[in-house]
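S.K.: Supplied in structure tokens, the structure appears directly below.
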Amino acid sequence: MAEGLSIESVLGSLEEEGYLSDQRFTESFIRMRIGQGHGLIRIRFDLQRKGIANDLMQTVFEDMDIDWYELAVEQYRRKYSQPFSAGDYKERSKRMRFLSQRGFSMDEIQHAVASDHED
């Protein structure tokens, strides 16, 4: 490394030139996770583990205007093409658990499971 250059100064230069941006990373990460079928709760958790500030997350989520209910339905239908019997509580629980592990809220999960019987 060249003499007189610290890591902080190099990182600062990269940030000023737009090569290093928490906002761009956050937007890209959210798009990637949505593409993988993850919900808000899971994505938020993953971003927190990466050290992204809550206010930045909130701003990016608001700017992206994501319909989490629609994403839950889409993920549900991608995984389960066949409807289940209304009295099959074991299957219903299994499907709800799947969406919960993907990071969707209980309201979003119930909406997705209810969509199974709307068609």
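In the structure tokens, each chain is lettered A, B, ... as it comes, each chain's residues begin at 1, and ligands are numbered from 1 in order of appearance.
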Which residues of stretch 12-76 of chain A come within 8 Å of stretch 92-107 of chain A, and for each one, what is the closest pair of atoms and their distance in Å to one decimal, counting only C-alpha atoms, sorted by chain and residue number, as JSON lines?
M.R.:
{"residue": "A:Gly37", "atom": "CA", "partner": "A:Arg102", "partner_atom": "CA", "distance": 7.0}
{"residue": "A:His38", "atom": "CA", "partner": "A:Arg102", "partner_atom": "CA", "distance": 4.9}
{"residue": "A:Gly39", "atom": "CA", "partner": "A:Gly103", "partner_atom": "CA", "distance": 4.3}
{"residue": "A:Leu40", "atom": "CA", "partner": "A:Gly103", "partner_atom": "CA", "distance": 6.0}
{"residue": "A:Ile41", "atom": "CA", "partner": "A:Gly103", "partner_atom": "CA", "distance": 4.7}
{"residue": "A:Arg42", "atom": "CA", "partner": "A:Gly103", "partner_atom": "CA", "distance": 4.2}
{"residue": "A:Ile43", "atom": "CA", "partner": "A:Gly103", "partner_atom": "CA", "distance": 7.2}
{"residue": "A:Trp68", "atom": "CA", "partner": "A:Phe104", "partner_atom": "CA", "distance": 7.7}
{"residue": "A:Ala72", "atom": "CA", "partner": "A:Phe104", "partner_atom": "CA", "distance": 6.8}
{"residue": "A:Gln75", "atom": "CA", "partner": "A:Leu99", "partner_atom": "CA", "distance": 7.9}
{"residue": "A:Tyr76", "atom": "CA", "partner": "A:Leu99", "partner_atom": "CA", "distance": 7.2}
S.K.: Quick one: residues within 8 Å of stretch 49-63 of chain A, only C-alpha atoms counted, chain neighbours fewer than 2 positions away excluded, as a PyMOL selection string?
M.R.: chain A and resi 22-23+26-27+44-47+65-66
S.K.: Any chance you could export the current selection's N, CA, C and O atoms as a compact mmCIF listing (two decimals), in the first residue's frame?
M.R.:
# COMPACT_ATOMS: atom_id res chain seq x y z
N ASP A 22 -23.83 2.36 1.02
CA ASP A 22 -24.73 1.51 1.80
C ASP A 22 -26.12 1.49 1.19
O ASP A 22 -26.79 0.46 1.20
N GLN A 23 -26.55 2.62 0.66
CA GLN A 23 -27.89 2.69 0.07
C GLN A 23 -27.99 1.77 -1.15
O GLN A 23 -28.94 1.00 -1.28
N THR A 26 -27.98 -1.81 -0.03
CA THR A 26 -29.26 -2.17 0.59
C THR A 26 -30.32 -2.41 -0.47
O THR A 26 -31.05 -3.41 -0.41
N GLU A 27 -30.41 -1.53 -1.46
CA GLU A 27 -31.39 -1.70 -2.53
C GLU A 27 -31.14 -3.00 -3.29
O GLU A 27 -32.07 -3.77 -3.57
N ARG A 44 -35.06 -7.84 6.73
CA ARG A 44 -34.65 -6.89 7.77
C ARG A 44 -33.59 -7.51 8.68
O ARG A 44 -32.59 -6.88 9.01
N PHE A 45 -33.84 -8.74 9.09
CA PHE A 45 -32.91 -9.45 9.97
C PHE A 45 -31.55 -9.60 9.30
O PHE A 45 -30.51 -9.33 9.91
N ASP A 46 -31.55 -10.01 8.03
CA ASP A 46 -30.29 -10.19 7.30
C ASP A 46 -29.54 -8.87 7.15
O ASP A 46 -28.31 -8.83 7.28
N LEU A 47 -30.26 -7.79 6.89
CA LEU A 47 -29.61 -6.47 6.76
C LEU A 47 -29.03 -6.00 8.08
O LEU A 47 -27.94 -5.41 8.12
N ASP A 65 -41.55 0.63 -2.29
CA ASP A 65 -43.00 0.42 -2.33
C ASP A 65 -43.35 -1.03 -2.69
O ASP A 65 -43.92 -1.31 -3.75
N ILE A 66 -43.01 -1.96 -1.82
CA ILE A 66 -43.17 -3.39 -2.06
C ILE A 66 -44.50 -3.87 -1.49
O ILE A 66 -44.86 -3.53 -0.37
S.K.: How far is it from atom CA of A:Arg31 to atom CA of A:Gln82, in Å with one decimal?
M.R.: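 These atoms are spaced 27.7 Å apart.
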S.K.: Determine the nearest neighbour of A:Gly35 from the options A:Leu5, A:Ser21, A:Leu71, A:Ala112, counting only C-alpha atoms.
M.R.: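 Among A:Leu5, A:Ser21, A:Leu71, A:Ala112, it is A:Leu71 that comes nearest to A:Gly35.
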